[in-house]
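Below is data_10.cif, which holds mmCIF, C-alpha atoms.
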```cif
data_upload
loop_
_atom_site.label_atom_id
_atom_site.label_comp_id
_atom_site.auth_asym_id
_atom_site.auth_seq_id
_atom_site.Cartn_x
_atom_site.Cartn_y
_atom_site.Cartn_z
CA MET A 721 102.32 70.61 100.95
CA LYS A 722 100.14 73.67 100.28
CA ILE A 723 101.20 75.77 97.30
CA TYR A 724 100.13 79.35 96.63
CA LEU A 725 99.39 79.69 92.90
CA ALA A 726 100.51 83.21 91.95
CA GLY A 727 100.23 84.77 88.53
CA PRO A 728 98.46 87.18 86.21
CA ASP A 729 96.23 84.17 85.46
CA VAL A 730 93.68 85.89 87.73
CA PHE A 731 93.31 88.56 85.01
CA LEU A 732 92.38 86.08 82.25
CA PRO A 733 88.78 85.91 81.03
CA ASP A 734 88.76 82.24 82.13
CA ALA A 735 90.65 82.90 85.37
CA VAL A 736 88.49 80.56 87.45
CA GLU A 737 88.92 77.66 85.03
CA ILE A 738 92.74 78.11 84.93
CA GLY A 739 92.79 77.98 88.72
CA ARG A 740 90.79 74.74 88.65
CA ARG A 741 93.21 73.19 86.13
CA LYS A 742 96.23 74.23 88.22
CA ALA A 743 94.71 72.88 91.44
CA ALA A 744 93.86 69.60 89.67
CA ILE A 745 97.50 69.19 88.56
CA CYS A 746 98.64 69.80 92.15
CA ALA A 747 96.14 67.21 93.41
CA ARG A 748 97.51 64.61 90.95
CA PHE A 749 100.85 64.97 92.71
CA GLY A 750 99.33 64.84 96.19
CA LEU A 751 99.69 68.59 96.76
CA THR A 752 97.13 71.30 97.55
CA GLY A 753 96.97 74.34 95.28
CA LEU A 754 95.69 77.56 96.84
CA TYR A 755 94.36 79.95 94.20
CA PRO A 756 93.79 83.64 95.01
CA LEU A 757 90.33 83.68 93.40
CA ASP A 758 89.19 81.05 95.91
CA ASN A 759 89.05 83.85 98.49
CA ALA A 760 85.42 84.94 98.88
CA ILE A 761 85.48 88.70 98.21
CA ASP A 762 82.55 91.07 97.75
CA LEU A 763 83.81 93.00 94.70
CA ALA A 764 81.14 95.67 95.20
CA ALA A 765 82.42 96.51 98.71
CA PRO A 766 84.19 99.88 99.03
CA ASP A 767 87.26 98.12 100.46
CA ALA A 768 87.24 95.26 97.95
CA SER A 769 90.91 95.69 96.96
CA ARG A 770 91.98 95.63 100.61
CA GLN A 771 89.92 92.49 101.18
CA ILE A 772 91.65 90.86 98.20
CA PHE A 773 95.06 91.80 99.62
CA CYS A 774 94.23 90.44 103.06
CA GLY A 775 92.81 87.23 101.58
CA ASN A 776 95.91 86.72 99.43
CA GLU A 777 98.30 87.45 102.29
CA ALA A 778 96.49 85.04 104.62
CA MET A 779 96.61 82.39 101.89
CA MET A 780 100.36 82.95 101.41
CA ASP A 781 100.98 82.74 105.17
CA GLN A 782 99.10 79.44 105.19
CA ALA A 783 101.05 77.99 102.24
CA ASP A 784 104.37 76.13 102.36
CA ALA A 785 105.44 77.12 98.86
CA ILE A 786 104.67 79.36 95.90
CA ILE A 787 104.56 78.65 92.18
CA ALA A 788 104.67 82.04 90.44
CA ASN A 789 103.80 82.55 86.78
CA LEU A 790 106.47 85.01 85.59
CA THR A 791 105.42 84.93 81.91
CA PRO A 792 105.95 88.50 80.59
CA PHE A 793 102.91 90.68 81.27
CA ARG A 794 102.21 93.98 79.44
CA GLY A 795 105.87 94.41 78.49
CA ALA A 796 109.22 92.66 78.72
CA GLY A 797 109.02 91.58 82.37
CA ALA A 798 106.84 89.71 84.85
CA ASP A 799 103.64 91.01 86.47
CA PRO A 800 104.66 93.18 89.46
CA GLY A 801 101.75 91.90 91.58
CA THR A 802 103.02 88.35 91.14
CA VAL A 803 106.60 89.42 91.77
CA TYR A 804 105.54 91.10 95.02
CA GLU A 805 104.12 87.75 96.13
CA LEU A 806 107.30 85.87 95.17
CA GLY A 807 109.34 88.36 97.23
CA TYR A 808 106.95 88.06 100.15
CA MET A 809 107.19 84.28 100.15
CA ALA A 810 111.01 84.40 99.90
CA GLY A 811 110.96 86.77 102.89
CA ARG A 812 108.72 84.32 104.80
CA ARG A 813 111.29 81.59 103.97
CA LYS A 814 108.77 79.54 102.01
CA PHE A 815 109.86 77.26 99.14
CA CYS A 816 109.91 79.34 95.93
CA LEU A 817 109.21 78.03 92.42
CA ALA A 818 108.27 79.84 89.23
CA TYR A 819 107.95 79.42 85.49
CA SER A 820 107.85 81.66 82.46
CA ASN A 821 106.35 80.53 79.17
CA ASP A 822 108.79 82.81 77.32
CA GLY A 823 112.37 81.60 77.72
CA ARG A 824 114.07 84.45 75.85
CA THR A 825 116.34 86.76 77.83
CA TYR A 826 114.89 89.98 79.23
CA ALA A 827 117.25 92.06 77.06
CA ASP A 828 116.18 90.15 73.94
CA ARG A 829 112.48 90.60 74.67
CA LEU A 830 112.88 94.29 75.48
CA GLY A 831 114.81 94.74 72.21
CA HIS A 832 111.73 93.47 70.36
CA LEU A 833 109.52 96.08 72.05
CA VAL A 834 111.70 99.23 72.04
CA ASN A 835 115.01 100.38 70.65
CA VAL A 836 117.88 99.39 72.91
CA ARG A 837 121.40 100.59 72.17
CA THR A 838 124.88 100.35 73.65
CA GLU A 839 126.15 103.60 75.17
CA HIS A 840 129.53 103.87 76.96
CA GLY A 841 129.60 100.08 77.20
CA ARG A 842 126.13 99.84 78.79
CA LEU A 843 123.00 98.49 77.11
CA VAL A 844 120.37 101.22 77.54
CA ASP A 845 116.67 101.75 76.75
CA PRO A 846 115.27 104.82 74.92
CA GLU A 847 115.14 106.73 78.25
CA GLY A 848 118.87 106.07 78.79
CA LEU A 849 118.28 103.63 81.67
CA THR A 850 120.54 100.57 81.86
CA VAL A 851 119.07 97.30 80.59
CA GLU A 852 120.15 94.31 82.70
CA ASP A 853 122.27 92.21 80.36
CA PHE A 854 123.38 89.12 82.28
CA GLY A 855 121.68 86.69 79.88
CA LEU A 856 118.86 86.10 82.38
CA VAL A 857 115.17 85.59 81.57
CA ASP A 858 114.09 88.40 83.92
CA ASN A 859 115.40 90.73 86.62
CA LEU A 860 118.23 89.15 88.60
CA MET A 861 116.40 89.54 91.91
CA MET A 862 113.71 87.05 90.88
CA ILE A 863 116.03 84.69 88.99
CA HIS A 864 118.54 84.27 91.81
CA ALA A 865 115.88 84.27 94.55
CA LEU A 866 114.47 81.15 92.89
CA GLU A 867 117.89 79.47 92.74
CA LEU A 868 118.67 80.28 96.36
CA HIS A 869 115.23 79.98 97.98
CA GLY A 870 113.75 77.13 95.92
CA CYS A 871 114.28 75.86 92.38
CA PRO A 872 115.62 77.63 89.27
CA LEU A 873 113.06 79.24 86.94
CA VAL A 874 111.37 76.74 84.60
CA THR A 875 111.00 77.72 80.94
CA PRO A 876 109.78 75.62 77.98
CA ALA A 877 112.22 74.59 75.22
CA ALA A 878 109.93 76.39 72.73
CA ARG A 879 107.49 79.19 73.44
CA PRO A 880 104.00 77.63 73.43
CA ASP A 881 101.41 79.09 71.05
CA ASP A 882 99.17 80.03 73.95
CA VAL A 883 101.43 81.31 76.73
CA TRP A 884 98.48 81.93 79.06
CA HIS A 885 96.94 78.45 78.88
CA ASP A 886 99.87 76.06 78.34
CA LEU A 887 100.57 74.47 81.73
CA ALA A 888 103.51 72.16 80.87
CA ALA A 889 106.09 74.42 82.60
CA PHE A 890 103.70 74.85 85.52
CA GLU A 891 103.45 71.06 85.81
CA THR A 892 107.25 70.80 85.92
CA CYS A 893 107.18 73.15 88.92
CA VAL A 894 104.57 70.96 90.60
CA ARG A 895 106.76 67.86 90.04
CA MET A 896 109.70 69.66 91.66
CA ALA A 897 107.54 70.74 94.59
CA ALA A 898 106.30 67.15 95.00
CA ALA A 899 109.90 65.84 95.01
CA ARG A 900 110.77 68.38 97.68
CA SER A 901 107.63 67.47 99.63
CA ILE A 902 108.69 63.80 99.77
CA ALA A 903 112.31 64.68 100.63
CA THR A 904 111.40 66.77 103.69
CA MET B 1188 117.29 103.09 111.71
CA LYS B 1189 118.85 101.55 108.58
CA ILE B 1190 116.83 101.95 105.41
CA TYR B 1191 117.29 99.92 102.23
CA LEU B 1192 116.96 102.30 99.25
CA ALA B 1193 115.26 100.27 96.51
CA GLY B 1194 114.43 101.49 93.03
CA PRO B 1195 115.25 101.51 89.34
CA ASP B 1196 117.50 104.45 90.28
CA VAL B 1197 120.37 101.93 89.97
CA PHE B 1198 119.72 101.88 86.20
CA LEU B 1199 120.15 105.66 85.76
CA PRO B 1200 123.29 107.02 84.09
CA ASP B 1201 123.99 108.92 87.33
CA ALA B 1202 122.97 106.04 89.59
CA VAL B 1203 125.84 106.53 92.03
CA GLU B 1204 125.09 110.25 92.46
CA ILE B 1205 121.37 109.59 93.11
CA GLY B 1206 122.36 107.09 95.79
CA ARG B 1207 124.60 109.70 97.42
CA ARG B 1208 121.78 112.27 97.40
CA LYS B 1209 119.33 109.78 98.92
CA ALA B 1210 121.79 108.72 101.63
CA ALA B 1211 122.47 112.40 102.42
CA ILE B 1212 118.74 113.05 102.92
CA CYS B 1213 118.55 110.04 105.26
CA ALA B 1214 121.55 111.33 107.23
CA ARG B 1215 119.87 114.75 107.68
CA PHE B 1216 117.08 112.93 109.54
CA GLY B 1217 119.49 110.82 111.59
CA LEU B 1218 118.90 107.68 109.51
CA THR B 1219 121.26 105.46 107.53
CA GLY B 1220 120.47 104.82 103.87
CA LEU B 1221 121.78 101.56 102.40
CA TYR B 1222 122.08 101.77 98.62
CA PRO B 1223 122.47 98.60 96.51
CA LEU B 1224 125.35 100.05 94.46
CA ASP B 1225 127.39 100.37 97.66
CA ASN B 1226 127.91 96.60 97.47
CA ALA B 1227 131.37 95.92 96.02
CA ILE B 1228 130.72 93.64 93.03
CA ASP B 1229 133.13 92.56 90.31
CA LEU B 1230 130.89 93.10 87.26
CA ALA B 1231 133.31 91.10 85.07
CA ALA B 1232 132.94 87.99 87.24
CA PRO B 1233 130.96 85.13 85.64
CA ASP B 1234 128.59 85.10 88.64
CA ALA B 1235 128.25 88.90 88.86
CA SER B 1236 124.43 88.85 88.87
CA ARG B 1237 124.39 86.30 91.69
CA GLN B 1238 126.86 88.41 93.67
CA ILE B 1239 124.58 91.43 93.19
CA PHE B 1240 121.60 89.41 94.44
CA CYS B 1241 123.46 88.14 97.50
CA GLY B 1242 124.77 91.62 98.29
CA ASN B 1243 121.28 93.12 98.00
CA GLU B 1244 119.67 90.39 100.10
CA ALA B 1245 122.30 90.75 102.84
CA MET B 1246 121.74 94.51 102.80
CA MET B 1247 117.96 94.04 103.10
CA ASP B 1248 118.38 91.57 105.98
CA GLN B 1249 120.54 94.14 107.74
CA ALA B 1250 118.03 96.99 107.23
CA ASP B 1251 115.09 97.90 109.46
CA ALA B 1252 113.03 99.45 106.69
CA ILE B 1253 112.73 99.92 102.94
CA ILE B 1254 111.91 102.98 100.85
CA ALA B 1255 110.99 101.69 97.38
CA ASN B 1256 110.79 103.90 94.30
CA LEU B 1257 107.65 102.64 92.52
CA THR B 1258 107.68 105.31 89.78
CA PRO B 1259 106.46 103.57 86.59
CA PHE B 1260 109.30 101.85 84.76
CA ARG B 1261 109.12 100.79 81.09
CA GLY B 1262 105.33 100.73 81.12
CA ALA B 1263 102.36 101.48 83.37
CA GLY B 1264 103.65 99.80 86.53
CA ALA B 1265 106.60 99.70 88.93
CA ASP B 1266 109.95 97.99 88.29
CA PRO B 1267 109.55 94.27 89.14
CA GLY B 1268 113.04 94.06 90.68
CA THR B 1269 112.09 96.81 93.14
CA VAL B 1270 108.70 95.23 93.78
CA TYR B 1271 110.42 91.90 94.58
CA GLU B 1272 112.42 93.74 97.24
CA LEU B 1273 109.33 95.41 98.70
CA GLY B 1274 107.66 91.99 98.97
CA TYR B 1275 110.76 90.47 100.52
CA MET B 1276 110.93 93.20 103.17
CA ALA B 1277 107.19 92.86 103.94
CA GLY B 1278 107.78 89.13 104.35
CA ARG B 1279 110.71 89.85 106.72
CA ARG B 1280 108.32 92.10 108.69
CA LYS B 1281 110.42 95.19 108.08
CA PHE B 1282 108.88 98.68 107.96
CA CYS B 1283 107.73 99.35 104.38
CA LEU B 1284 107.61 102.75 102.68
CA ALA B 1285 107.45 103.72 99.01
CA TYR B 1286 106.81 106.60 96.66
CA SER B 1287 105.87 107.05 93.04
CA ASN B 1288 106.53 110.25 91.15
CA ASP B 1289 103.46 109.61 89.00
CA GLY B 1290 100.27 109.82 91.06
CA ARG B 1291 97.83 108.85 88.30
CA THR B 1292 95.94 105.59 88.69
CA TYR B 1293 97.36 102.47 87.05
CA ALA B 1294 94.29 102.17 84.79
CA ASP B 1295 94.68 105.79 83.68
CA ARG B 1296 98.38 105.36 82.89
CA LEU B 1297 97.81 102.10 81.02
CA GLY B 1298 95.06 103.79 79.01
CA HIS B 1299 97.63 106.30 77.77
CA LEU B 1300 99.92 103.49 76.57
CA VAL B 1301 97.49 100.99 75.00
CA ASN B 1302 93.82 100.73 74.16
CA VAL B 1303 91.78 99.61 77.13
CA ARG B 1304 88.10 98.86 76.74
CA THR B 1305 85.18 97.66 78.83
CA GLU B 1306 84.01 94.13 78.01
CA HIS B 1307 81.22 92.36 79.94
CA GLY B 1308 81.63 94.94 82.70
CA ARG B 1309 85.40 94.41 83.03
CA LEU B 1310 88.10 96.86 81.97
CA VAL B 1311 90.44 94.87 79.70
CA ASP B 1312 93.72 95.42 77.83
CA PRO B 1313 94.25 94.59 74.12
CA GLU B 1314 95.06 90.95 75.05
CA GLY B 1315 91.69 90.67 76.88
CA LEU B 1316 93.29 90.54 80.34
CA THR B 1317 91.51 92.38 83.15
CA VAL B 1318 92.93 95.77 84.13
CA GLU B 1319 92.77 96.39 87.89
CA ASP B 1320 90.36 99.26 88.28
CA PHE B 1321 90.13 100.09 91.98
CA GLY B 1322 91.37 103.67 91.55
CA LEU B 1323 94.81 102.70 92.90
CA VAL B 1324 98.19 104.02 91.70
CA ASP B 1325 99.55 100.50 91.11
CA ASN B 1326 98.76 96.82 91.71
CA LEU B 1327 96.74 96.32 94.90
CA MET B 1328 99.35 93.98 96.42
CA MET B 1329 101.91 96.77 96.69
CA ILE B 1330 99.46 99.52 97.62
CA HIS B 1331 97.85 97.64 100.50
CA ALA B 1332 101.13 96.06 101.66
CA LEU B 1333 102.36 99.60 102.27
CA GLU B 1334 99.22 100.56 104.22
CA LEU B 1335 99.36 97.42 106.35
CA HIS B 1336 103.12 96.92 106.76
CA GLY B 1337 104.30 100.54 106.88
CA CYS B 1338 102.98 103.82 105.48
CA PRO B 1339 100.67 104.49 102.51
CA LEU B 1340 102.33 105.19 99.14
CA VAL B 1341 103.58 108.78 98.80
CA THR B 1342 102.86 110.60 95.53
CA PRO B 1343 103.46 114.26 94.60
CA ALA B 1344 100.50 116.62 94.08
CA ALA B 1345 101.82 117.26 90.55
CA ARG B 1346 104.07 115.00 88.46
CA PRO B 1347 107.58 116.52 88.59
CA ASP B 1348 109.25 117.38 85.27
CA ASP B 1349 112.08 114.96 86.03
CA VAL B 1350 110.51 111.90 87.65
CA TRP B 1351 113.91 110.17 88.04
CA HIS B 1352 115.69 112.99 89.87
CA ASP B 1353 113.00 114.77 91.91
CA LEU B 1354 113.41 113.54 95.49
CA ALA B 1355 110.61 115.47 97.25
CA ALA B 1356 108.36 112.39 97.60
CA PHE B 1357 111.39 110.36 98.67
CA GLU B 1358 112.12 112.93 101.37
CA THR B 1359 108.53 112.63 102.64
CA CYS B 1360 109.14 108.90 103.06
CA VAL B 1361 112.34 109.62 105.01
CA ARG B 1362 110.42 112.01 107.30
CA MET B 1363 107.84 109.29 107.97
CA ALA B 1364 110.57 106.75 108.68
CA ALA B 1365 112.26 109.20 111.08
CA ALA B 1366 108.96 109.76 112.92
CA ARG B 1367 108.56 106.01 113.25
CA SER B 1368 112.17 105.69 114.37
CA ILE B 1369 111.59 108.14 117.23
CA ALA B 1370 108.25 106.54 118.20
CA THR B 1371 109.71 103.05 118.63
#
```
Since I need it in another form, could you write the structure as structure tokens?
Amino acid sequence: MKIYLAGPDVFLPDAVEIGRRKAAICARFGLTGLYPLDNAIDLAAPDASRQIFCGNEAMMDQADAIIANLTPFRGAGADPGTVYELGYMAGRRKFCLAYSNDGRTYADRLGHLVNVRTEHGRLVDPEGLTVEDFGLVDNLMMIHALELHGCPLVTPAARPDDVWHDLAAFETCVRMAAARSIAT
Amino acid sequence: MKIYLAGPDVFLPDAVEIGRRKAAICARFGLTGLYPLDNAIDLAAPDASRQIFCGNEAMMDQADAIIANLTPFRGAGADPGTVYELGYMAGRRKFCLAYSNDGRTYADRLGHLVNVRTEHGRLVDPEGLTVEDFGLVDNLMMIHALELHGCPLVTPAARPDDVWHDLAAFETCVRMAAARSIAT
């Protein structure tokens, strides 16, 4: 089973090393991890971003599954680039897995970043926009997509000190993918 | 042509009215707008969020195209729930359109929210994570998905005063969808 390794991990200073660690965990379970940075892109080319997109899309099309890192990124929710990829893979009917190293609910996390208040029975943000309040870790589209197109979101019992480098929840996803790989 | 109308519009206090306005614009061009809130959901049900997901997914599967509102939501980037839907529709090989009522680059917008700095030749955020700096309005996955699976992102020449209620860029998307609808 080939697994596309999606996440804002590619933005870390040690992005290449994280990819190597993730691929090594996959290999231990007999699976192949495909990491976006493995695409050979000329970053100085005028169409570098388009080349990255095409490389990532080809890698996703080639993969049987995705493990998306939905750990909150620059705010209360997941990285939109990663979420795009999760949606794409669900649309391609690939097996969808994901983890978040912050298991609090979205509403709880947002409440730590901005003032949220209840107005006419709705939980709203400072702009007056409704805050999803179903007790889920992130937007319901991602949470239920995982349940219905793969495995439920994996979160750690306690938030690790280093959310960007702790791979225990990632490894749980790999175990679930391996179990699925044997079953099918 | 049936068009799924995705966006954080569903979180606005006047979410139902915005949906009506969007559907009316579609109708003027001979198209059918499908708005998530048109799904009949019992919000008091214990599985309300799952019902919303299933209703939205069924609506997307039924649609020929998507127009996603990628106007920045609670930060520098688009709403992840909307981005999930854009990815899903790209994966289903539907016709993908989107607009953002803020045409600044992602890096520019982020720089107005937090300190970004250049470190070893990379633009980074306060956590040290790379900031995409290709001069694009949002994450490259969404921007190039639109180019390659539909039409390029539509942005207004000037940011409207009311980014949540100005539908000029949305209407441009509808015109492009109508042109495509006639051509095929």
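Evaluated on this file, the PyMOL selection byres ((chain B) within 7 of (chain A)) matches Phe1198, Leu1199, Pro1200, Ser1236, Arg1237, Phe1240, Gly1262, Ala1265, Pro1267, Gly1268, Val1270, Tyr1271, Glu1272, Leu1273, Gly1274, Tyr1275, Met1276, Ala1277, Gly1278, Arg1279, Gly1315, Leu1316, Thr1317, Phe1321, Asn1326, Leu1327, Met1328, Met1329 and His1331 of chain B.
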> What does the distance between atom CA of Asn1288 of chain B and atom CA of Ala1211 of chain B come to in Å, to one decimal place?
Replying inline: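 For atom CA of Asn1288 of chain B relative to atom CA of Ala1211 of chain B, the distance reads 19.6 Å.
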>> Here is a test: counting all atoms listed in the file, which residue of B:Gly1290, B:Gly1308, B:Gly1298, B:Gly1217 is nearest to Pro1347 of chain B?
In response: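 Smallest distance to Pro1347 of chain B is found for B:Gly1290.
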Listed atoms of segment 762-777 of chain A boxed axis-aligned with 8 Å per side, centre + edges as JSON:
```
{"center_x": 89.7, "center_y": 93.3, "center_z": 98.9, "size_x": 33.2, "size_y": 29.2, "size_z": 24.4}
```
> Pick from B:Gly1242, B:Ala1356, B:Leu1192, B:Val1324: nearest to Cys1213 of chain B, with all atoms listed in the file counted?
Replying inline: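 Looking at the shortest contact to Cys1213 of chain B, the residue is B:Leu1192.
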> Rounded to one decimal in Å, what is the spacing between atom CA of Val894 of chain A and atom CA of Phe749 of chain A?
Replying inline: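 Atom CA of Phe749 of chain A lies at a distance of 7.4 Å from atom CA of Val894 of chain A.
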> Can you tell me how far atom CA of Asp762 of chain A sits from atom CA of Met780 of chain A, in Å to one decimal?
Replying inline: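 Computed distance, atom CA of Asp762 of chain A to atom CA of Met780 of chain A, equals 19.9 Å.
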> Which one is closest to Arg1362 of chain B: B:Ile1212, B:Asp1349, B:Leu1340, B:Gln1249? Count all atoms listed in the file.
Replying inline: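 Closest candidate: B:Ile1212.
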